[in-house]
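So this block is model-v6.txt, compact mmCIF, C-alpha atoms:
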# COMPACT_ATOMS: atom_id res chain seq x y z
CA ARG A 1 -4.65 22.42 -3.20
CA GLU A 2 -5.72 20.58 -0.06
CA TRP A 3 -3.17 18.22 1.45
CA PRO A 4 -3.88 14.51 1.02
CA ASP A 5 -4.76 12.67 4.23
CA LYS A 6 -1.31 11.09 4.43
CA GLU A 7 0.47 14.45 4.34
CA ARG A 8 -1.92 16.09 6.81
CA LEU A 9 -1.50 13.27 9.32
CA ARG A 10 2.28 13.34 8.93
CA MET A 11 2.30 17.04 9.73
CA GLU A 12 0.04 16.46 12.76
CA LYS A 13 2.47 13.86 14.06
CA GLU A 14 5.51 16.08 13.48
CA THR A 15 3.86 19.12 15.08
CA LEU A 16 1.88 17.59 17.95
CA GLY A 17 3.46 14.18 18.45
CA LEU A 18 0.21 12.31 17.69
CA TYR A 19 -2.45 11.86 15.02
CA VAL A 20 -5.49 14.06 15.58
CA THR A 21 -7.90 13.76 12.65
CA GLY A 22 -7.46 10.09 11.80
CA HIS A 23 -5.00 7.22 11.46
CA PRO A 24 -2.66 6.82 8.46
CA PHE A 25 -3.85 3.25 7.92
CA ASP A 26 -7.45 4.36 7.37
CA ALA A 27 -6.86 5.65 3.83
CA TYR A 28 -5.45 2.29 2.72
CA GLU A 29 -7.45 -0.22 4.76
CA ALA A 30 -10.08 -1.03 2.12
CA GLU A 31 -7.34 -1.62 -0.45
CA VAL A 32 -5.05 -3.58 1.87
CA ARG A 33 -7.87 -5.92 2.87
CA ARG A 34 -7.93 -7.19 -0.72
CA PHE A 35 -4.66 -9.05 -0.12
CA ALA A 36 -4.29 -9.04 3.70
CA PRO A 37 -7.93 -9.63 4.70
CA THR A 38 -7.56 -10.26 8.42
CA ALA A 39 -7.31 -7.37 10.88
CA ILE A 40 -4.66 -7.71 13.57
CA ARG A 41 -7.22 -8.04 16.35
CA ASP A 42 -8.77 -11.06 14.56
CA LEU A 43 -5.54 -13.01 14.04
CA LYS A 44 -5.20 -16.49 15.50
CA PRO A 45 -2.02 -18.53 15.94
CA GLY A 46 -1.48 -21.22 13.33
CA ARG A 47 1.06 -22.85 11.06
CA GLU A 48 -0.37 -21.52 7.80
CA THR A 49 1.25 -18.50 6.17
CA ARG A 50 -0.69 -15.29 6.79
CA LYS A 51 -0.41 -11.78 5.37
CA VAL A 52 -0.48 -9.06 8.01
CA ALA A 53 -0.51 -5.36 7.13
CA GLY A 54 0.01 -2.37 9.39
CA LEU A 55 1.74 0.91 10.04
CA VAL A 56 5.24 0.70 11.51
CA ILE A 57 5.08 2.34 14.95
CA GLY A 58 8.16 0.77 16.55
CA MET A 59 11.45 -0.83 15.52
CA ARG A 60 14.41 -2.29 17.36
CA THR A 61 17.16 -4.80 16.73
CA VAL A 62 18.75 -7.46 18.90
CA LYS A 63 21.94 -9.44 18.40
CA THR A 64 22.06 -13.20 18.56
CA LYS A 65 24.88 -15.13 20.20
CA ARG A 66 26.34 -15.65 16.73
CA GLY A 67 26.45 -11.91 16.12
CA SER A 68 23.65 -11.69 13.55
CA GLN A 69 20.87 -9.14 13.88
CA ILE A 70 17.17 -9.78 14.35
CA GLY A 71 14.66 -7.04 13.58
CA LEU A 72 11.59 -6.53 15.77
CA VAL A 73 8.96 -4.37 14.08
CA THR A 74 5.65 -3.36 15.67
CA LEU A 75 2.72 -3.00 13.26
CA ASP A 76 -0.53 -1.14 13.99
CA ASP A 77 -3.69 -1.29 11.85
CA ARG A 78 -5.80 0.63 14.39
CA SER A 79 -7.63 -2.57 15.34
CA GLY A 80 -4.58 -3.81 17.23
CA ARG A 81 -0.82 -4.22 17.26
CA ILE A 82 1.50 -7.11 16.59
CA GLU A 83 5.27 -7.54 16.64
CA ALA A 84 6.94 -9.04 13.58
CA THR A 85 10.17 -10.96 14.10
CA LEU A 86 12.59 -10.66 11.18
CA PHE A 87 15.43 -13.14 11.44
CA ALA A 88 18.77 -12.33 9.85
CA ASP A 89 18.08 -13.30 6.22
CA VAL A 90 14.66 -11.60 6.10
CA PHE A 91 15.94 -8.61 8.07
CA ASN A 92 18.81 -8.02 5.66
CA GLU A 93 16.53 -8.25 2.62
CA ALA A 94 13.93 -5.90 4.13
CA ARG A 95 16.28 -3.42 5.81
CA GLU A 96 15.65 -0.61 3.28
CA LEU A 97 11.88 -0.91 3.77
CA LEU A 98 11.96 -0.51 7.54
CA HIS A 99 10.93 3.05 8.29
CA MET A 100 8.63 4.52 10.91
CA ASP A 101 5.11 5.41 9.73
CA ARG A 102 5.39 3.22 6.62
CA ILE A 103 2.76 0.61 5.79
CA LEU A 104 4.28 -2.86 5.49
CA VAL A 105 2.87 -6.23 4.53
CA VAL A 106 4.46 -9.15 6.38
CA GLU A 107 3.99 -12.76 5.35
CA GLY A 108 4.68 -15.46 7.90
CA GLU A 109 3.35 -17.62 10.71
CA VAL A 110 1.35 -16.11 13.56
CA GLU A 111 2.28 -17.57 16.93
CA GLU A 112 1.81 -16.88 20.60
CA ASP A 113 4.33 -14.57 22.23
CA ASP A 114 5.11 -15.98 25.68
CA PHE A 115 6.92 -12.78 26.68
CA SER A 116 4.09 -10.31 26.00
CA GLY A 117 1.16 -12.69 26.31
CA GLY A 118 -0.11 -11.62 22.89
CA LEU A 119 0.75 -12.69 19.36
CA ARG A 120 3.71 -12.19 17.06
CA ILE A 121 4.39 -13.05 13.45
CA ARG A 122 7.55 -14.83 12.34
CA ALA A 123 8.26 -13.08 9.04
CA ARG A 124 9.14 -14.96 5.88
CA SER A 125 8.95 -11.89 3.64
CA VAL A 126 8.30 -8.17 3.96
CA SER A 127 6.87 -5.79 1.34
CA ASP A 128 5.94 -2.14 1.36
CA LEU A 129 2.67 -1.00 -0.22
CA SER A 130 4.22 -0.36 -3.65
CA GLU A 131 5.71 -3.87 -3.80
CA ALA A 132 2.45 -5.41 -2.61
CA ARG A 133 0.59 -3.58 -5.36
CA ARG A 134 2.98 -4.88 -7.99
CA LYS A 135 2.39 -8.42 -6.71
CA TYR A 136 -1.39 -8.35 -6.45
CA VAL A 137 -2.85 -5.57 -8.65
CA LYS A 138 -4.65 -6.83 -11.77
CA ALA A 139 -5.19 -3.44 -13.42
CA LEU A 140 -5.53 0.28 -12.83
CA GLN A 141 -9.05 1.40 -13.73
CA ILE A 142 -9.79 5.00 -14.75
CA ARG A 143 -13.34 6.32 -15.20
CA LEU A 144 -13.85 8.87 -17.99
CA THR A 145 -16.87 10.73 -19.40
CA PRO A 146 -17.41 12.76 -22.59
CA GLN A 147 -16.84 15.95 -20.57
CA ASP A 148 -13.28 14.84 -19.82
CA PHE A 149 -12.48 14.92 -23.53
CA ALA A 150 -14.03 18.35 -23.87
CA ASP A 151 -11.85 19.55 -20.98
CA GLY A 152 -8.69 18.03 -22.46
CA LEU A 153 -8.19 15.55 -19.62
CA ASN A 154 -7.53 12.77 -22.11
CA GLU A 155 -4.37 14.58 -23.27
CA LYS A 156 -3.22 15.10 -19.68
CA LEU A 157 -3.86 11.42 -19.01
CA ALA A 158 -1.81 10.43 -22.06
CA GLN A 159 1.03 12.62 -20.81
CA TRP A 160 0.81 11.02 -17.36
CA LEU A 161 1.08 7.55 -18.91
CA ARG A 162 4.05 8.54 -21.09
CA GLU A 163 6.08 9.83 -18.14
CA GLU A 164 7.27 6.42 -17.09
CA LYS A 165 8.62 3.74 -19.41
CA GLU A 166 11.57 2.27 -17.52
CA GLU A 167 9.80 -0.99 -16.73
CA ALA A 168 6.51 -2.70 -17.44
CA GLY A 169 3.72 -2.14 -14.96
CA CYS A 170 0.11 -3.18 -14.57
CA PRO A 171 -2.47 -2.82 -17.36
CA VAL A 172 -4.63 0.31 -17.56
CA VAL A 173 -8.39 -0.06 -18.11
CA ILE A 174 -10.55 2.89 -19.17
CA SER A 175 -14.17 2.71 -18.00
CA TYR A 176 -15.94 5.12 -20.37
CA ARG A 177 -19.53 6.15 -19.83
CA ASN A 178 -21.86 8.48 -21.72
CA GLN A 179 -25.63 8.95 -21.65
CA ALA A 180 -26.24 5.92 -23.86
CA ALA A 181 -23.83 3.24 -22.71
CA GLU A 182 -20.77 2.24 -20.70
CA SER A 183 -17.78 0.21 -21.84
CA GLN A 184 -14.41 -0.91 -20.53
CA LEU A 185 -11.37 -0.49 -22.79
CA ARG A 186 -8.09 -2.18 -21.95
CA LEU A 187 -5.13 -0.13 -23.20
CA GLY A 188 -2.18 -1.74 -24.99
CA GLU A 189 1.07 -2.80 -23.36
CA GLU A 190 2.75 0.52 -24.19
CA TRP A 191 0.34 2.22 -21.76
CA THR A 192 1.02 0.15 -18.64
CA THR A 193 2.02 1.91 -15.43
CA LEU A 194 3.62 1.16 -12.08
CA PRO A 195 0.94 1.45 -9.37
CA ASN A 196 3.22 3.16 -6.84
CA GLU A 197 1.88 5.70 -4.38
CA GLU A 198 3.31 8.81 -6.03
CA ARG A 199 1.84 8.05 -9.45
CA VAL A 200 -1.54 6.90 -8.19
CA GLN A 201 -1.93 10.00 -6.03
CA ALA A 202 -0.92 12.25 -8.94
CA LEU A 203 -3.60 10.65 -11.07
CA ARG A 204 -6.20 11.06 -8.33
CA PHE A 205 -5.32 14.75 -8.07
CA LEU A 206 -5.86 15.03 -11.81
CA LEU A 207 -9.15 13.12 -12.12
CA GLY A 208 -10.58 12.86 -8.61
CA GLN A 209 -10.26 10.32 -5.82
CA ASP A 210 -13.29 8.22 -6.79
CA ARG A 211 -12.38 7.87 -10.48
CA VAL A 212 -9.15 5.94 -10.03
CA GLU A 213 -9.29 2.39 -8.70
CA LEU A 214 -6.73 -0.35 -8.25
CA MET A 215 -8.30 -3.67 -9.24
CA TYR A 216 -7.07 -6.82 -7.50
CA HIS A 217 -7.18 -10.49 -8.40
Conversion result in structure tokens:
Amino acid sequence: REWPDKERLRMEKETLGLYVTGHPFDAYEAEVRRFAPTAIRDLKPGRETRKVAGLVIGMRTVKTKRGSQIGLVTLDDRSGRIEATLFADVFNEARELLHMDRILVVEGEVEEDDFSGGLRIRARSVSDLSEARRKYVKALQIRLTPQDFADGLNEKLAQWLREEKEEAGCPVVISYRNQAAESQLRLGEEWTTLPNEERVQALRFLLGQDRVELMYH
């Protein structure tokens, strides 16, 4: 089957050293804007806590005089770039999430960066996309038609939902439509699922990209 956009772009970067057919953030921008609505280019300095999302394109650490480490992470959402400053406590909590080409959501204060002349964000917390989904997703909506039952997709869907029961996830809502009517059915608690990338993509391969939607508050 055809590679998903994320995999194709990763291979372009590994082979050619740059992205050719798009930007990895593009596939997630519409979703990310549900909980991090402001693009990097539109950020303004202020004391209120903001959520900034972007692709990690640069990382480095510096040591303070006391010997603790500060993480400096550059985020890119294609509209612009901003450096996130992770002081020791935040840096230590987020260390496992800090990988190149990963989408991160940083909460903190946006301020002017006297060194670069641009902006930076002083991080209070850092999440990857899976953690952000667990925080903000209201439900996973799946669209089904009578033909899906004739094709046996309902059984494959049931199997997909049974594969993971280690912890509670978000509710699953079935949007069922036939020639006469349409209705939404909320499944019971035993059919919840974690909205992580691997499982969502597997479901989209099964049903189609436009029939699986993450619903946000």
Legend entry - Contacts of Ala84 of chain A within 7 Å, all atoms listed in the file, excl. fewer than 5 positions in-chain, as a PyMOL selection string: chain A and resi 72-74+120-123
Inset, instruction - Grab the atom CA of Thr192 of chain A to atom CA of Val172 of chain A distance for me, in Å with one decimal place. - result: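 These atoms are spaced 5.8 Å apart.
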Inset, instruction - Please check which residues have atoms at most 9 Å from (-13.9, 14.5, -11.6) in the file's coordinates, counting all atoms listed in the file, and write them as a ChimeraX atom specification. - result: /A:143-144,148,206-211
Inset, instruction - May I ask which of the residues A:His217, A:Arg10, A:Arg177, A:Arg162 is the closest one to Arg199 of chain A, counting all atoms listed in the file? - result: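 Once distances to Arg199 of chain A are computed over all atoms listed in the file, the minimum belongs to A:Arg162.
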Inset, instruction - Mind checking which residues fall within 7 Å of Leu140 of chain A, counting all atoms listed in the file, ignoring those fewer than 3 positions away in the same chain, and posting them as a ChimeraX atom specification? - result: /A:170-173,213-215
Legend entry - Surrounding residues of Gly118 of chain A excluding itself and chain neighbours under 5 positions, 12 Å, all atoms listed in the file, as a PyMOL selection string: chain A and resi 40-41+43-45+80-84+110-113
Legend entry - Given only C-alpha atoms as the counted atoms, nearest of A:Arg133, A:Arg124, A:Lys65, A:Arg204 to Lys51 of chain A: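 Ranked by minimum distance to Lys51 of chain A, first place goes to A:Arg124.
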Inset, instruction - Mind giving me the straight-line distance from atom CA of Asp26 of chain A to atom CA of Met11 of chain A in Å, one decimal? - result: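 The value is 16.2 Å.
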